[in-house]
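Source file: data_7.cif (mmCIF, N, CA and C atoms)
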data_work
#
loop_
_atom_site.label_atom_id
_atom_site.label_comp_id
_atom_site.auth_asym_id
_atom_site.auth_seq_id
_atom_site.Cartn_x
_atom_site.Cartn_y
_atom_site.Cartn_z
N MET A 1 0.83 -1.19 0.00
CA MET A 1 0.00 0.00 0.00
C MET A 1 0.87 1.25 0.00
N ASN A 2 1.90 1.29 0.84
CA ASN A 2 2.77 2.46 0.89
C ASN A 2 3.51 2.67 -0.43
N LEU A 3 3.97 1.58 -1.04
CA LEU A 3 4.67 1.70 -2.31
C LEU A 3 3.74 2.28 -3.38
N ARG A 4 2.50 1.83 -3.39
CA ARG A 4 1.52 2.38 -4.35
C ARG A 4 1.32 3.86 -4.10
N PHE A 5 1.22 4.25 -2.85
CA PHE A 5 1.01 5.65 -2.51
C PHE A 5 2.18 6.50 -3.00
N TYR A 6 3.41 6.05 -2.73
CA TYR A 6 4.57 6.82 -3.14
C TYR A 6 4.71 6.86 -4.66
N CYS A 7 4.39 5.79 -5.32
CA CYS A 7 4.40 5.79 -6.79
C CYS A 7 3.37 6.77 -7.33
N LEU A 8 2.21 6.78 -6.71
CA LEU A 8 1.16 7.72 -7.11
C LEU A 8 1.60 9.15 -6.89
N VAL A 9 2.21 9.42 -5.75
CA VAL A 9 2.70 10.78 -5.46
C VAL A 9 3.74 11.20 -6.48
N PHE A 10 4.67 10.30 -6.81
CA PHE A 10 5.69 10.61 -7.81
C PHE A 10 5.05 10.92 -9.15
N PHE A 11 4.11 10.09 -9.56
CA PHE A 11 3.42 10.31 -10.83
C PHE A 11 2.68 11.64 -10.82
N LEU A 12 2.02 11.94 -9.73
CA LEU A 12 1.26 13.18 -9.63
C LEU A 12 2.17 14.40 -9.65
N LEU A 13 3.29 14.30 -9.00
CA LEU A 13 4.24 15.41 -9.03
C LEU A 13 4.74 15.65 -10.45
N SER A 14 5.02 14.57 -11.16
CA SER A 14 5.46 14.70 -12.54
C SER A 14 4.38 15.33 -13.40
N ALA A 15 3.15 14.88 -13.22
CA ALA A 15 2.03 15.45 -13.97
C ALA A 15 1.82 16.91 -13.61
N ALA A 16 2.00 17.23 -12.36
CA ALA A 16 1.80 18.61 -11.90
C ALA A 16 2.84 19.54 -12.51
N ILE A 17 4.04 19.06 -12.68
CA ILE A 17 5.08 19.89 -13.28
C ILE A 17 4.69 20.24 -14.70
N VAL A 18 4.26 19.24 -15.45
CA VAL A 18 3.85 19.48 -16.83
C VAL A 18 2.64 20.40 -16.87
N TYR A 19 1.67 20.14 -16.01
CA TYR A 19 0.46 20.95 -15.95
C TYR A 19 0.77 22.39 -15.56
N GLY A 20 1.68 22.56 -14.64
CA GLY A 20 1.98 23.88 -14.10
C GLY A 20 2.84 24.74 -15.00
N GLN A 21 3.48 24.18 -15.98
CA GLN A 21 4.36 24.96 -16.81
C GLN A 21 3.61 25.99 -17.63
N GLY A 22 2.35 25.79 -17.86
CA GLY A 22 1.57 26.78 -18.58
C GLY A 22 1.20 27.96 -17.72
N ASN A 23 1.23 27.82 -16.41
CA ASN A 23 0.79 28.87 -15.51
C ASN A 23 1.92 29.72 -14.95
N GLN A 24 3.12 29.19 -14.88
CA GLN A 24 4.25 29.90 -14.31
C GLN A 24 5.44 29.70 -15.23
N SER A 25 6.38 30.64 -15.14
CA SER A 25 7.61 30.41 -15.88
C SER A 25 8.36 29.26 -15.21
N ALA A 26 9.15 28.57 -15.97
CA ALA A 26 9.84 27.39 -15.44
C ALA A 26 10.73 27.73 -14.26
N GLU A 27 11.32 28.93 -14.27
CA GLU A 27 12.24 29.29 -13.19
C GLU A 27 11.51 29.54 -11.88
N SER A 28 10.23 29.90 -11.94
CA SER A 28 9.51 30.24 -10.71
C SER A 28 8.75 29.06 -10.13
N ILE A 29 8.85 27.91 -10.77
CA ILE A 29 8.20 26.73 -10.22
C ILE A 29 9.13 26.14 -9.16
N VAL A 30 8.60 26.02 -7.96
CA VAL A 30 9.39 25.49 -6.85
C VAL A 30 8.92 24.07 -6.59
N VAL A 31 9.52 23.12 -7.29
CA VAL A 31 9.15 21.72 -7.14
C VAL A 31 9.97 21.08 -6.03
N PHE A 32 11.24 21.39 -6.00
CA PHE A 32 12.12 20.83 -4.99
C PHE A 32 12.02 21.65 -3.72
N ASP A 33 12.32 21.04 -2.61
CA ASP A 33 12.24 21.72 -1.32
C ASP A 33 13.42 22.67 -1.18
N PRO A 34 13.17 23.99 -1.11
CA PRO A 34 14.27 24.95 -1.03
C PRO A 34 15.05 24.88 0.28
N LEU A 35 14.55 24.15 1.26
CA LEU A 35 15.29 24.02 2.51
C LEU A 35 16.61 23.29 2.31
N PHE A 36 16.71 22.49 1.24
CA PHE A 36 17.98 21.83 0.93
C PHE A 36 19.05 22.84 0.53
N TRP A 37 18.61 24.00 0.04
CA TRP A 37 19.53 25.04 -0.41
C TRP A 37 19.41 26.29 0.47
N LYS A 38 19.08 26.07 1.74
CA LYS A 38 18.86 27.21 2.64
C LYS A 38 20.09 28.10 2.76
N ASP A 39 21.27 27.51 2.72
CA ASP A 39 22.50 28.31 2.83
C ASP A 39 22.75 29.13 1.56
N GLN A 40 22.60 28.50 0.40
CA GLN A 40 22.81 29.21 -0.86
C GLN A 40 21.77 30.32 -1.06
N LEU A 41 20.54 30.05 -0.64
CA LEU A 41 19.47 31.03 -0.79
C LEU A 41 19.46 32.05 0.35
N LYS A 42 20.21 31.76 1.40
CA LYS A 42 20.27 32.61 2.59
C LYS A 42 18.87 32.84 3.18
N LEU A 43 18.18 31.70 3.39
CA LEU A 43 16.85 31.76 4.00
C LEU A 43 17.00 32.09 5.48
N ASP A 44 16.19 33.04 5.95
CA ASP A 44 16.24 33.35 7.38
C ASP A 44 15.33 32.38 8.14
N ALA A 45 15.38 32.45 9.46
CA ALA A 45 14.64 31.50 10.30
C ALA A 45 13.14 31.55 10.04
N SER A 46 12.59 32.73 9.86
CA SER A 46 11.13 32.83 9.64
C SER A 46 10.75 32.23 8.28
N GLN A 47 11.60 32.40 7.28
CA GLN A 47 11.33 31.80 5.97
C GLN A 47 11.39 30.28 6.05
N ARG A 48 12.39 29.78 6.74
CA ARG A 48 12.52 28.32 6.88
C ARG A 48 11.30 27.74 7.58
N GLN A 49 10.85 28.41 8.63
CA GLN A 49 9.66 27.95 9.36
C GLN A 49 8.42 27.99 8.46
N LYS A 50 8.27 29.07 7.70
CA LYS A 50 7.11 29.20 6.80
C LYS A 50 7.13 28.10 5.74
N ILE A 51 8.29 27.82 5.19
CA ILE A 51 8.40 26.76 4.17
C ILE A 51 8.08 25.40 4.78
N LYS A 52 8.53 25.16 6.01
CA LYS A 52 8.19 23.91 6.69
C LYS A 52 6.68 23.78 6.85
N GLU A 53 6.02 24.86 7.23
CA GLU A 53 4.56 24.85 7.40
C GLU A 53 3.86 24.61 6.06
N ILE A 54 4.35 25.25 5.01
CA ILE A 54 3.79 25.05 3.67
C ILE A 54 3.92 23.59 3.26
N ASN A 55 5.09 23.00 3.51
CA ASN A 55 5.32 21.59 3.16
C ASN A 55 4.40 20.66 3.95
N ILE A 56 4.22 20.93 5.24
CA ILE A 56 3.33 20.10 6.06
C ILE A 56 1.91 20.15 5.51
N GLU A 57 1.43 21.35 5.22
CA GLU A 57 0.08 21.49 4.65
C GLU A 57 -0.04 20.77 3.32
N TYR A 58 1.00 20.88 2.50
CA TYR A 58 1.00 20.23 1.20
C TYR A 58 0.89 18.71 1.33
N TYR A 59 1.71 18.12 2.20
CA TYR A 59 1.67 16.66 2.36
C TYR A 59 0.38 16.19 3.03
N GLU A 60 -0.19 17.00 3.89
CA GLU A 60 -1.49 16.66 4.47
C GLU A 60 -2.57 16.67 3.38
N ARG A 61 -2.52 17.66 2.49
CA ARG A 61 -3.47 17.70 1.37
C ARG A 61 -3.29 16.49 0.47
N LEU A 62 -2.04 16.12 0.19
CA LEU A 62 -1.79 14.94 -0.65
C LEU A 62 -2.37 13.69 -0.01
N TYR A 63 -2.22 13.58 1.28
CA TYR A 63 -2.74 12.40 1.96
C TYR A 63 -4.26 12.34 1.85
N THR A 64 -4.94 13.47 2.00
CA THR A 64 -6.41 13.46 1.88
C THR A 64 -6.83 13.25 0.43
N ILE A 65 -6.05 13.78 -0.51
CA ILE A 65 -6.34 13.57 -1.93
C ILE A 65 -6.24 12.10 -2.27
N HIS A 66 -5.27 11.42 -1.67
CA HIS A 66 -5.03 10.00 -1.90
C HIS A 66 -6.28 9.16 -1.64
N GLU A 67 -7.14 9.62 -0.74
CA GLU A 67 -8.35 8.88 -0.39
C GLU A 67 -9.43 8.96 -1.46
N GLU A 68 -9.29 9.88 -2.40
CA GLU A 68 -10.28 10.06 -3.48
C GLU A 68 -10.28 8.82 -4.39
N PRO A 69 -11.46 8.23 -4.65
CA PRO A 69 -11.50 7.03 -5.49
C PRO A 69 -11.29 7.31 -6.99
N ASN A 70 -11.61 8.50 -7.44
CA ASN A 70 -11.49 8.84 -8.86
C ASN A 70 -10.05 9.30 -9.15
N ARG A 71 -9.29 8.50 -9.89
CA ARG A 71 -7.87 8.79 -10.13
C ARG A 71 -7.66 10.06 -10.95
N GLN A 72 -8.58 10.35 -11.86
CA GLN A 72 -8.44 11.57 -12.65
C GLN A 72 -8.56 12.80 -11.74
N LYS A 73 -9.49 12.76 -10.80
CA LYS A 73 -9.63 13.86 -9.85
C LYS A 73 -8.40 13.95 -8.96
N VAL A 74 -7.83 12.80 -8.61
CA VAL A 74 -6.63 12.79 -7.79
C VAL A 74 -5.51 13.51 -8.52
N GLN A 75 -5.33 13.22 -9.80
CA GLN A 75 -4.27 13.86 -10.57
C GLN A 75 -4.46 15.37 -10.64
N VAL A 76 -5.66 15.80 -10.92
CA VAL A 76 -5.94 17.23 -11.04
C VAL A 76 -5.74 17.93 -9.71
N ARG A 77 -6.28 17.36 -8.64
CA ARG A 77 -6.16 17.98 -7.32
C ARG A 77 -4.71 17.99 -6.84
N ALA A 78 -3.97 16.94 -7.14
CA ALA A 78 -2.56 16.90 -6.74
C ALA A 78 -1.75 17.95 -7.50
N ALA A 79 -2.05 18.10 -8.78
CA ALA A 79 -1.36 19.12 -9.59
C ALA A 79 -1.68 20.51 -9.05
N GLN A 80 -2.94 20.75 -8.73
CA GLN A 80 -3.32 22.04 -8.17
C GLN A 80 -2.65 22.28 -6.83
N SER A 81 -2.55 21.26 -6.04
CA SER A 81 -1.92 21.37 -4.73
C SER A 81 -0.43 21.69 -4.87
N LEU A 82 0.24 21.05 -5.82
CA LEU A 82 1.66 21.33 -6.05
C LEU A 82 1.86 22.77 -6.52
N LEU A 83 0.98 23.23 -7.39
CA LEU A 83 1.08 24.61 -7.85
C LEU A 83 0.85 25.60 -6.71
N GLN A 84 -0.10 25.28 -5.87
CA GLN A 84 -0.37 26.14 -4.72
C GLN A 84 0.86 26.20 -3.82
N ARG A 85 1.46 25.04 -3.55
CA ARG A 85 2.67 24.98 -2.73
C ARG A 85 3.78 25.81 -3.37
N SER A 86 3.94 25.64 -4.67
CA SER A 86 4.97 26.38 -5.39
C SER A 86 4.78 27.88 -5.27
N GLU A 87 3.55 28.33 -5.46
CA GLU A 87 3.26 29.76 -5.36
C GLU A 87 3.48 30.29 -3.95
N GLU A 88 3.09 29.51 -2.95
CA GLU A 88 3.28 29.94 -1.56
C GLU A 88 4.76 30.05 -1.22
N ILE A 89 5.55 29.09 -1.65
CA ILE A 89 6.98 29.14 -1.39
C ILE A 89 7.60 30.31 -2.16
N TRP A 90 7.19 30.49 -3.40
CA TRP A 90 7.72 31.59 -4.22
C TRP A 90 7.47 32.94 -3.55
N GLU A 91 6.29 33.09 -2.96
CA GLU A 91 5.95 34.33 -2.27
C GLU A 91 6.76 34.50 -0.97
N THR A 92 7.28 33.43 -0.44
CA THR A 92 8.10 33.47 0.77
C THR A 92 9.49 34.02 0.47
N PHE A 93 9.97 33.82 -0.75
CA PHE A 93 11.29 34.30 -1.14
C PHE A 93 11.32 35.82 -1.24
N TYR A 94 12.48 36.38 -0.92
CA TYR A 94 12.74 37.79 -1.19
C TYR A 94 13.19 37.91 -2.65
N PRO A 95 13.13 39.12 -3.23
CA PRO A 95 13.52 39.26 -4.65
C PRO A 95 14.90 38.69 -5.00
N ARG A 96 15.88 38.89 -4.15
CA ARG A 96 17.23 38.34 -4.43
C ARG A 96 17.22 36.82 -4.41
N GLN A 97 16.42 36.25 -3.52
CA GLN A 97 16.33 34.79 -3.44
C GLN A 97 15.62 34.23 -4.68
N ARG A 98 14.63 34.96 -5.18
CA ARG A 98 13.97 34.53 -6.42
C ARG A 98 14.96 34.52 -7.57
N LYS A 99 15.77 35.56 -7.63
CA LYS A 99 16.78 35.64 -8.69
C LYS A 99 17.77 34.48 -8.55
N LYS A 100 18.20 34.21 -7.33
CA LYS A 100 19.13 33.10 -7.08
C LYS A 100 18.50 31.76 -7.45
N TRP A 101 17.20 31.57 -7.07
CA TRP A 101 16.50 30.32 -7.39
C TRP A 101 16.45 30.13 -8.91
N LYS A 102 16.12 31.19 -9.64
CA LYS A 102 16.05 31.10 -11.10
C LYS A 102 17.41 30.72 -11.68
N LYS A 103 18.46 31.32 -11.13
CA LYS A 103 19.81 31.02 -11.61
C LYS A 103 20.16 29.56 -11.33
N MET A 104 19.87 29.10 -10.13
CA MET A 104 20.15 27.70 -9.77
C MET A 104 19.36 26.76 -10.66
N TRP A 105 18.11 27.08 -10.91
CA TRP A 105 17.24 26.24 -11.76
C TRP A 105 17.80 26.18 -13.17
N GLN A 106 18.19 27.33 -13.71
CA GLN A 106 18.74 27.38 -15.07
C GLN A 106 20.02 26.54 -15.18
N GLN A 107 20.88 26.66 -14.18
CA GLN A 107 22.16 25.96 -14.24
C GLN A 107 22.03 24.46 -14.05
N ASN A 108 21.07 24.02 -13.24
CA ASN A 108 21.03 22.62 -12.85
C ASN A 108 19.88 21.80 -13.43
N TYR A 109 18.77 22.44 -13.78
CA TYR A 109 17.59 21.65 -14.11
C TYR A 109 16.97 21.95 -15.46
N VAL A 110 17.45 22.97 -16.14
CA VAL A 110 16.95 23.26 -17.48
C VAL A 110 17.97 22.71 -18.46
N PRO A 111 17.52 21.83 -19.37
CA PRO A 111 18.47 21.26 -20.33
C PRO A 111 19.10 22.36 -21.18
N GLN A 112 20.40 22.28 -21.32
CA GLN A 112 21.13 23.26 -22.11
C GLN A 112 21.25 22.73 -23.53
N VAL A 113 20.87 23.56 -24.48
CA VAL A 113 20.97 23.21 -25.89
C VAL A 113 22.28 23.77 -26.42
N THR A 114 23.07 22.91 -27.01
CA THR A 114 24.34 23.37 -27.57
C THR A 114 24.34 23.12 -29.07
N LYS A 115 24.99 24.00 -29.78
CA LYS A 115 25.11 23.85 -31.23
C LYS A 115 26.45 23.21 -31.56
N ASP A 116 26.40 22.16 -32.31
CA ASP A 116 27.62 21.52 -32.80
C ASP A 116 27.80 21.95 -34.23
N THR A 117 28.92 22.59 -34.52
CA THR A 117 29.16 23.04 -35.89
C THR A 117 30.23 22.26 -36.57
#

If you convert what's in this file into structure tokens, what do you get?
Amino acid sequence: MNLRFYCLVFFLLSAAIVYGQGNQSAESIVVFDPLFWKDQLKLDASQRQKIKEINIEYYERLYTIHEEPNRQKVQVRAAQSLLQRSEEIWETFYPRQRKKWKKMWQQNYVPQVTKDT
């Protein structure tokens, strides 16, 4: 049961990323937990606490969504929940942190296209 749940969560997160790309620029989507990069982003204590609270609410919503019998509704609600989490975390960042997040995203997670001549 737990393996199914985690597989479902992974699938839903992947679907949410694709779904959310139409609503936000790729750099402003916060899919990964920024607490892993708290030092690089220079998150202060109140920001870290707020992000922890956002994450707790997000995972609680995912757990309640998991109980929904209709899988299509689960996918849509999970995607919406991920976007909501992303927007809430994005609003927690200061302008310099947003710029830093975009730079980190560009360097590490956006495929670089190179021309071979």

What separation in Å, quoted to one decimal, exists between atom CA of Gln47 of chain A and atom C of Gln75 of chain A? 28.2 Å

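Reported to one decimal place, the separation of atom CA of Val30 of chain A from atom N of Ser86 of chain A is 5.9 Å.
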
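Of note, atom N of Lys103 of chain A and atom N of Glu88 of chain A are spaced 17.5 Å apart.
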
For Ile65 of chain A, which residue among A:Arg96, A:Lys102, A:Lys42, A:Arg77 is the nearest when counting all atoms listed in the file?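 Of A:Arg96, A:Lys102, A:Lys42, A:Arg77, the one nearest Ile65 of chain A, counting all atoms listed in the file, is A:Arg77.
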
Identify, on the basis of all atoms listed in the file, every residue whose closest approach to segment 48-58 of chain A does not exceed 7 Å; exclude the query and any residue fewer than 5 positions from it along the same chain; express the result as a short mmCIF file (atom, residue, chain, number, x, y, z; two decimals) with N, CA and C atoms, in the coordinates of the input.
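Okay, this is what ended up in around-v4.cif:
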data_model
loop_
_atom_site.label_atom_id
_atom_site.label_comp_id
_atom_site.auth_asym_id
_atom_site.auth_seq_id
_atom_site.Cartn_x
_atom_site.Cartn_y
_atom_site.Cartn_z
N LEU A 35 14.55 24.15 1.26
CA LEU A 35 15.29 24.02 2.51
C LEU A 35 16.61 23.29 2.31
N LEU A 43 18.18 31.70 3.39
CA LEU A 43 16.85 31.76 4.00
C LEU A 43 17.00 32.09 5.48
N TYR A 63 -2.22 13.58 1.28
CA TYR A 63 -2.74 12.40 1.96
C TYR A 63 -4.26 12.34 1.85
N SER A 81 -2.55 21.26 -6.04
CA SER A 81 -1.92 21.37 -4.73
C SER A 81 -0.43 21.69 -4.87
N ARG A 85 1.46 25.04 -3.55
CA ARG A 85 2.67 24.98 -2.73
C ARG A 85 3.78 25.81 -3.37
N ILE A 89 5.55 29.09 -1.65
CA ILE A 89 6.98 29.14 -1.39
C ILE A 89 7.60 30.31 -2.16
#

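Closest approach to Phe36 of chain A from the set A:Glu68, A:Ala78, A:Trp101, A:Leu62 is made by A:Trp101, with distances taken over only C-alpha atoms.
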
Based on DSSP run over this structure's backbone, return all residues of segment 64-111 of chain A in alpha helix (DSSP H), as a CSV table (one decimal) with N, CA and C atoms, in the frame of the given file.
chain,number,residue,atom,x,y,z
A,64,THR,N,-4.9,13.5,2.0
A,64,THR,CA,-6.4,13.5,1.9
A,64,THR,C,-6.8,13.2,0.4
A,65,ILE,N,-6.0,13.8,-0.5
A,65,ILE,CA,-6.3,13.6,-1.9
A,65,ILE,C,-6.2,12.1,-2.3
A,66,HIS,N,-5.3,11.4,-1.7
A,66,HIS,CA,-5.0,10.0,-1.9
A,66,HIS,C,-6.3,9.2,-1.6
A,71,ARG,N,-9.3,8.5,-9.9
A,71,ARG,CA,-7.9,8.8,-10.1
A,71,ARG,C,-7.7,10.1,-11.0
A,72,GLN,N,-8.6,10.4,-11.9
A,72,GLN,CA,-8.4,11.6,-12.6
A,72,GLN,C,-8.6,12.8,-11.7
A,73,LYS,N,-9.5,12.8,-10.8
A,73,LYS,CA,-9.6,13.9,-9.8
A,73,LYS,C,-8.4,14.0,-9.0
A,74,VAL,N,-7.8,12.8,-8.6
A,74,VAL,CA,-6.6,12.8,-7.8
A,74,VAL,C,-5.5,13.5,-8.5
A,75,GLN,N,-5.3,13.2,-9.8
A,75,GLN,CA,-4.3,13.9,-10.6
A,75,GLN,C,-4.5,15.4,-10.6
A,76,VAL,N,-5.7,15.8,-10.9
A,76,VAL,CA,-5.9,17.2,-11.0
A,76,VAL,C,-5.7,17.9,-9.7
A,77,ARG,N,-6.3,17.4,-8.6
A,77,ARG,CA,-6.2,18.0,-7.3
A,77,ARG,C,-4.7,18.0,-6.8
A,78,ALA,N,-4.0,16.9,-7.1
A,78,ALA,CA,-2.6,16.9,-6.7
A,78,ALA,C,-1.8,18.0,-7.5
A,79,ALA,N,-2.0,18.1,-8.8
A,79,ALA,CA,-1.4,19.1,-9.6
A,79,ALA,C,-1.7,20.5,-9.0
A,80,GLN,N,-2.9,20.8,-8.7
A,80,GLN,CA,-3.3,22.0,-8.2
A,80,GLN,C,-2.6,22.3,-6.8
A,81,SER,N,-2.6,21.3,-6.0
A,81,SER,CA,-1.9,21.4,-4.7
A,81,SER,C,-0.4,21.7,-4.9
A,82,LEU,N,0.2,21.0,-5.8
A,82,LEU,CA,1.7,21.3,-6.0
A,82,LEU,C,1.9,22.8,-6.5
A,83,LEU,N,1.0,23.2,-7.4
A,83,LEU,CA,1.1,24.6,-7.8
A,83,LEU,C,0.8,25.6,-6.7
A,84,GLN,N,-0.1,25.3,-5.9
A,84,GLN,CA,-0.4,26.1,-4.7
A,84,GLN,C,0.9,26.2,-3.8
A,85,ARG,N,1.5,25.0,-3.6
A,85,ARG,CA,2.7,25.0,-2.7
A,85,ARG,C,3.8,25.8,-3.4
A,86,SER,N,3.9,25.6,-4.7
A,86,SER,CA,5.0,26.4,-5.4
A,86,SER,C,4.8,27.9,-5.3
A,87,GLU,N,3.6,28.3,-5.5
A,87,GLU,CA,3.3,29.8,-5.4
A,87,GLU,C,3.5,30.3,-4.0
A,88,GLU,N,3.1,29.5,-3.0
A,88,GLU,CA,3.3,29.9,-1.6
A,88,GLU,C,4.8,30.0,-1.2
A,89,ILE,N,5.6,29.1,-1.6
A,89,ILE,CA,7.0,29.1,-1.4
A,89,ILE,C,7.6,30.3,-2.2
A,90,TRP,N,7.2,30.5,-3.4
A,90,TRP,CA,7.7,31.6,-4.2
A,90,TRP,C,7.5,32.9,-3.6
A,91,GLU,N,6.3,33.1,-3.0
A,91,GLU,CA,6.0,34.3,-2.3
A,91,GLU,C,6.8,34.5,-1.0
A,92,THR,N,7.3,33.4,-0.4
A,92,THR,CA,8.1,33.5,0.8
A,92,THR,C,9.5,34.0,0.5
A,95,PRO,N,13.1,39.1,-3.2
A,95,PRO,CA,13.5,39.3,-4.6
A,95,PRO,C,14.9,38.7,-5.0
A,96,ARG,N,15.9,38.9,-4.2
A,96,ARG,CA,17.2,38.3,-4.4
A,96,ARG,C,17.2,36.8,-4.4
A,97,GLN,N,16.4,36.2,-3.5
A,97,GLN,CA,16.3,34.8,-3.4
A,97,GLN,C,15.6,34.2,-4.7
A,98,ARG,N,14.6,35.0,-5.2
A,98,ARG,CA,14.0,34.5,-6.4
A,98,ARG,C,15.0,34.5,-7.6
A,99,LYS,N,15.8,35.6,-7.6
A,99,LYS,CA,16.8,35.6,-8.7
A,99,LYS,C,17.8,34.5,-8.6
A,100,LYS,N,18.2,34.2,-7.3
A,100,LYS,CA,19.1,33.1,-7.1
A,100,LYS,C,18.5,31.8,-7.4
A,101,TRP,N,17.2,31.6,-7.1
A,101,TRP,CA,16.5,30.3,-7.4
A,101,TRP,C,16.4,30.1,-8.9
A,102,LYS,N,16.1,31.2,-9.6
A,102,LYS,CA,16.0,31.1,-11.1
A,102,LYS,C,17.4,30.7,-11.7
A,103,LYS,N,18.5,31.3,-11.1
A,103,LYS,CA,19.8,31.0,-11.6
A,103,LYS,C,20.2,29.6,-11.3
A,104,MET,N,19.9,29.1,-10.1
A,104,MET,CA,20.2,27.7,-9.8
A,104,MET,C,19.4,26.8,-10.7
A,105,TRP,N,18.1,27.1,-10.9
A,105,TRP,CA,17.2,26.2,-11.8
A,105,TRP,C,17.8,26.2,-13.2
A,106,GLN,N,18.2,27.3,-13.7
A,106,GLN,CA,18.7,27.4,-15.1
A,106,GLN,C,20.0,26.5,-15.2
A,107,GLN,N,20.9,26.7,-14.2
A,107,GLN,CA,22.2,26.0,-14.2
A,107,GLN,C,22.0,24.5,-14.0
A,108,ASN,N,21.1,24.0,-13.2
A,108,ASN,CA,21.0,22.6,-12.8
A,108,ASN,C,19.9,21.8,-13.4

What would segment 46-52 of chain A look like with all heavy atoms in place, written as a compact mmCIF listing (two decimals), in the coordinates of the input?
# COMPACT_ATOMS: atom_id res chain seq x y z
N SER A 46 12.59 32.73 9.86
CA SER A 46 11.13 32.83 9.64
C SER A 46 10.75 32.23 8.28
O SER A 46 9.70 31.60 8.15
CB SER A 46 10.65 34.27 9.75
OG SER A 46 11.21 35.07 8.73
N GLN A 47 11.60 32.40 7.28
CA GLN A 47 11.33 31.80 5.97
C GLN A 47 11.39 30.28 6.05
O GLN A 47 10.55 29.60 5.47
CB GLN A 47 12.34 32.31 4.93
CG GLN A 47 12.12 33.73 4.49
CD GLN A 47 13.20 34.16 3.52
OE1 GLN A 47 14.39 34.07 3.83
NE2 GLN A 47 12.78 34.61 2.35
N ARG A 48 12.39 29.78 6.74
CA ARG A 48 12.52 28.32 6.88
C ARG A 48 11.30 27.74 7.58
O ARG A 48 10.75 26.72 7.17
CB ARG A 48 13.81 27.96 7.63
CG ARG A 48 15.07 28.24 6.82
CD ARG A 48 16.30 27.63 7.46
NE ARG A 48 16.51 28.02 8.85
CZ ARG A 48 17.23 29.06 9.26
NH1 ARG A 48 17.83 29.84 8.37
NH2 ARG A 48 17.38 29.32 10.54
N GLN A 49 10.85 28.41 8.63
CA GLN A 49 9.66 27.95 9.36
C GLN A 49 8.42 27.99 8.46
O GLN A 49 7.63 27.07 8.45
CB GLN A 49 9.44 28.80 10.63
CG GLN A 49 8.27 28.33 11.46
CD GLN A 49 8.42 26.90 11.95
OE1 GLN A 49 9.51 26.43 12.26
NE2 GLN A 49 7.32 26.18 12.01
N LYS A 50 8.27 29.07 7.70
CA LYS A 50 7.11 29.20 6.80
C LYS A 50 7.13 28.10 5.74
O LYS A 50 6.09 27.50 5.45
CB LYS A 50 7.13 30.59 6.15
CG LYS A 50 5.99 30.83 5.20
CD LYS A 50 4.66 30.87 5.90
CE LYS A 50 3.56 31.19 4.91
NZ LYS A 50 2.24 30.97 5.46
N ILE A 51 8.29 27.82 5.19
CA ILE A 51 8.40 26.76 4.17
C ILE A 51 8.08 25.40 4.78
O ILE A 51 7.40 24.58 4.15
CB ILE A 51 9.79 26.80 3.49
CG1 ILE A 51 9.91 28.06 2.63
CG2 ILE A 51 10.02 25.54 2.65
CD1 ILE A 51 11.29 28.34 2.11
N LYS A 52 8.53 25.16 6.01
CA LYS A 52 8.19 23.91 6.69
C LYS A 52 6.68 23.78 6.85
O LYS A 52 6.10 22.71 6.62
CB LYS A 52 8.87 23.83 8.06
CG LYS A 52 10.35 23.57 8.00
CD LYS A 52 10.96 23.56 9.39
CE LYS A 52 12.46 23.45 9.33
NZ LYS A 52 13.09 23.51 10.66
